[in-house]
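> Here it is, the structure in full.
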Amino acid sequence: MKLLPLFLRRPVEAVYERRLAATLVGLPRPQHVGIMVDGNRRWAREAGHTDVREGYRAGGAKVTTFLGWCAAAGIEHVTLFMLSDDNLGRPAEELGPLIEVIEQTVRDITAEGRDWEVRAIGSLDMLPGTSARVLKEATAATAGRGGLKVDVAVGYGGRREIVDAVKSAFEEHIAAGGDPAELVARFGIDDISRHLYSPVADHTDFIIRTSGEQRLSGFLLWQSAYAEMHWVDCYWPAFRHVDFLRALRSYAGRERRFGK
C-alpha cells in the first residue's frame, strides 16, 4: 500500500491523534511512569549519521518533549532510565559524549520556568569527572517546585538500589542507637521501600521501553512488582505523541489485579 505524501500524512495523523486523545478522557491513567529511552545509537546509524552522538542528542531533546506530554496527561511521576550502572563500563570515548548529553538534558529540564521537580538517582558517585556534582547542583535547584516529579536514573541499577536501601536502613537504625539484631527480627518490605533512591516511588504503574527490546535490564526491579509493561518498536528519538497516546490506551484497557 502506497504511503501518503508527507504534506498529507501530517494533517491526517493530527486528526487521528485528536480522536485518540478524546477516547482516553475519563479512563484510568498511570500515576508513575517509568520510561526506558532505548535505541539512540541504532536510530543514528539508520538515519545515516556516522557519529552516534547525533542519536544521543536527538534522544536528549525528546526527553523534554515527553515530559511535556506526561504533564499534560496528568501523570504525577516519571522515572527516566538514561544510563545503567552496567553502561559505566563502556569505553571512555563512547561514555563521555553520552554523559555530556545527559548533563545538558538535565539542565534543560531543570531550567527556570519549568514546573518540574527533578531528582538524579543512581550511583552518581561512580560517574566520571564532575558529572555527579553537575547533576546534583542542577536538580537541587528544583526542590520544592511541585508539579511533575521527574527521576533521572543515571548510573542506575535495580539490584544495586535494593542493596543500597538495605544498607541505608541498617545505617539509620544503628546511628539512632538501635541494635542490628532487633532490626533483623522486624525487617520488612517498608524498610526497603523507605530507603530507595526515590522513596516516594515505592511502586510504579507503567513501564514503557522503546526500540523493540522486551526486558527490564535491571530497571526499577523493586518498584515494578505489579507494573504494567508496554513495548514500542520504534527507537527513542522517533517516539511520537501518537505512540504515547497508544501506550496510555493500552494501559487503560488492562485489568490490574495485583496478584488477586
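By order in the C-alpha cells, chains are A, B, ...; within a chain, residues start at 1; ligands start at 1, following the order shown.
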Write out as an MDAnalysis selection string the residues lying within 8 Å of segment 96-98 of chain A, counting only C-alpha atoms and excluding same-chain residues fewer than 4 positions away.

chainID A and resid 53 56 92 102

> Leaving out segment 28-35 of chain A and any residue of its chain fewer than 6 positions from it, which residues lie within 7 Å of it when counting only C-alpha atoms, given as a PyMOL selection string?

chain A and resi 75-81+204-209+248+252

> Go through A:Val166, A:Arg114, A:Leu124, A:Ser250 and flag the residue nearest Gly146 of chain A, using only C-alpha atoms for the distances.

A:Arg114

> Could you build a table of the residues in segment 26-123 of chain A lying no more than 7 Å from segment 235-244 of chain A, giving for each the nearest pair of atoms and their separation in Å rounded to one decimal place, using only C-alpha atoms, ordered by chain and ascending residue number, as a Markdown table?


| residue | atom | partner | partner_atom | distance |
| --- | --- | --- | --- | --- |
| A:Val37 | CA | A:Trp236 | CA | 5.4 |
| A:Asp38 | CA | A:Trp236 | CA | 5.5 |
| A:Gly39 | CA | A:Tyr235 | CA | 4.6 |
| A:Asn40 | CA | A:Trp236 | CA | 6.1 |
| A:Trp43 | CA | A:Tyr235 | CA | 5.9 |
| A:Ala58 | CA | A:Pro237 | CA | 5.5 |
| A:Gly59 | CA | A:Pro237 | CA | 4.7 |
| A:Lys62 | CA | A:Pro237 | CA | 6.1 |

> So how far away is atom CA of Ala71 of chain A from atom CA of Gly147 of chain A, in Å?

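Atom CA of Ala71 of chain A lies at a distance of 8.0 Å from atom CA of Gly147 of chain A.
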
> So, counting only C-alpha atoms, which residue among A:Asp51, A:Lys136, A:Ser217, A:Thr142 is closest to Gly113 of chain A?

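Between A:Asp51, A:Lys136, A:Ser217, A:Thr142, the residue approaching Gly113 of chain A most closely is A:Thr142.
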
> Need the shell around Glu137 of chain A: protein/DNA/RNA residues with any atom at most 12 Å away, counting only C-alpha atoms. Skip same-chain ones fewer than 4 positions apart. Format as an mmCIF file with C-alpha atoms, in the first residue's frame?


data_model
loop_
_atom_site.group_PDB
_atom_site.id
_atom_site.type_symbol
_atom_site.label_atom_id
_atom_site.label_comp_id
_atom_site.auth_asym_id
_atom_site.auth_seq_id
_atom_site.Cartn_x
_atom_site.Cartn_y
_atom_site.Cartn_z
ATOM 1 C CA GLU A 103 24.062 16.679 31.690
ATOM 2 C CA VAL A 106 19.135 17.697 32.919
ATOM 3 C CA ARG A 107 19.990 21.387 32.541
ATOM 4 C CA THR A 110 15.551 21.909 35.305
ATOM 5 C CA VAL A 118 13.766 16.798 39.191
ATOM 6 C CA ARG A 119 15.975 14.368 41.077
ATOM 7 C CA ALA A 120 19.012 12.437 39.816
ATOM 8 C CA THR A 130 32.491 16.313 37.821
ATOM 9 C CA SER A 131 29.302 14.770 36.415
ATOM 10 C CA ALA A 132 27.848 13.855 39.815
ATOM 11 C CA ARG A 133 28.282 17.416 41.079
ATOM 12 C CA ALA A 141 17.504 23.990 42.251
ATOM 13 C CA THR A 142 14.127 22.335 41.539
ATOM 14 C CA ALA A 143 13.443 21.188 45.117
#

> I'd like the interatomic distance between atom CA of Ala153 of chain A and atom CA of Ile121 of chain A, to a tenth of an Å.

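Pair atom CA of Ala153 of chain A / atom CA of Ile121 of chain A returns 4.9 Å.
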
> DSSP on the backbone: what in segment 12-254 of chain A comes out strand (DSSP E), as an MDAnalysis selection string?

chainID A and resid 32:36 77:84 116:121 148:156 206:209 228:231

> So that I can check the surroundings of Gln223 of chain A, please list as a PyMOL selection string every protein, DNA and RNA residue that reaches within 9 Å of it, counting only C-alpha atoms and ignoring chain neighbours fewer than 3 positions away.

chain A and resi 193+201-205+219-220+226-227

> Mind the document's chain letters and residue numbers, and return as a ChimeraX atom specification the residues of segment 84-206 of chain A that DSSP labels alpha helix (DSSP H).

/A:92-109,131-140,158-175,180-186,189-193

> Find the distance between atom CA of Val101 of chain A and atom CA of Met82 of chain A and write it in Å to one decimal.

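Those two atoms sit 10.1 Å apart.
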
> Could you give me, as a compact mmCIF listing (two decimals) with N, CA, C and O atoms, in the first residue's frame, the residues within 9 Å of segment 162-164 of chain A, counting only C-alpha atoms and dropping anything in the same chain fewer than 6 positions from it?


# COMPACT_ATOMS: atom_id res chain seq x y z
N ILE A 192 12.71 -1.39 53.12
CA ILE A 192 13.38 -1.18 51.84
C ILE A 192 12.73 -0.04 51.07
O ILE A 192 13.41 0.85 50.56
N SER A 193 11.41 -0.04 51.01
CA SER A 193 10.70 1.00 50.25
C SER A 193 11.08 2.40 50.70
O SER A 193 11.23 3.31 49.90
N HIS A 195 13.84 3.43 51.86
CA HIS A 195 15.24 3.79 51.64
C HIS A 195 15.67 3.64 50.19
O HIS A 195 16.87 3.62 49.90
N LEU A 196 14.71 3.55 49.29
CA LEU A 196 15.06 3.55 47.87
C LEU A 196 15.61 4.92 47.48
O LEU A 196 15.46 5.90 48.21
N TYR A 197 16.25 4.99 46.31
CA TYR A 197 16.81 6.27 45.86
C TYR A 197 15.73 7.35 45.82
O TYR A 197 15.99 8.52 46.09
N LEU A 221 13.52 -2.64 39.64
CA LEU A 221 13.18 -4.03 39.95
C LEU A 221 12.26 -4.13 41.16
O LEU A 221 11.32 -4.93 41.17
N TRP A 222 12.50 -3.32 42.18
CA TRP A 222 11.65 -3.37 43.38
C TRP A 222 10.29 -2.73 43.10
O TRP A 222 9.25 -3.26 43.45

> So that I can check the surroundings of Thr64 of chain A, please list as a list in words every protein, DNA and RNA residue that reaches within 9 Å of it, counting only C-alpha atoms and ignoring chain neighbours fewer than 5 positions away.

Trp69, Thr105, Asp108 and Ile109 of chain A

> Restricting it to N, CA and C atoms, dump the selection as a PDB file, in the first residue's frame.


ATOM      1  N   TRP A  69       4.366  15.968  27.469  1.00  0.00           N
ATOM      2  CA  TRP A  69       3.204  15.105  27.219  1.00  0.00           C
ATOM      3  C   TRP A  69       2.682  14.525  28.534  1.00  0.00           C
ATOM      4  N   THR A 105      20.718  17.563  29.031  1.00  0.00           N
ATOM      5  CA  THR A 105      19.288  17.265  29.145  1.00  0.00           C
ATOM      6  C   THR A 105      18.765  17.651  30.525  1.00  0.00           C
ATOM      7  N   ASP A 108      18.357  21.289  30.757  1.00  0.00           N
ATOM      8  CA  ASP A 108      17.159  21.726  30.019  1.00  0.00           C
ATOM      9  C   ASP A 108      15.888  21.509  30.837  1.00  0.00           C
ATOM     10  N   ILE A 109      15.764  20.344  31.456  1.00  0.00           N
ATOM     11  CA  ILE A 109      14.509  20.040  32.148  1.00  0.00           C
ATOM     12  C   ILE A 109      14.431  20.678  33.532  1.00  0.00           C
TER      13      ILE A 109
END

> I'd like the contact shell of Ser123 of chain A - 6 Å cut-off, only C-alpha atoms, skipping same-chain residues fewer than 3 positions apart - returned as a list in words.

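Contacts, with the query itself left out: Met126, Gly155 and Tyr156 of chain A.
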
> Put those residues in a file: C-alpha atoms, as a short mmCIF file (atom, residue, chain, number, x, y, z; two decimals), in the first residue's frame.


data_model
loop_
_atom_site.label_atom_id
_atom_site.label_comp_id
_atom_site.auth_asym_id
_atom_site.auth_seq_id
_atom_site.Cartn_x
_atom_site.Cartn_y
_atom_site.Cartn_z
CA MET A 126 30.58 6.31 40.16
CA GLY A 155 24.47 5.05 36.73
CA TYR A 156 21.39 3.21 37.96
#
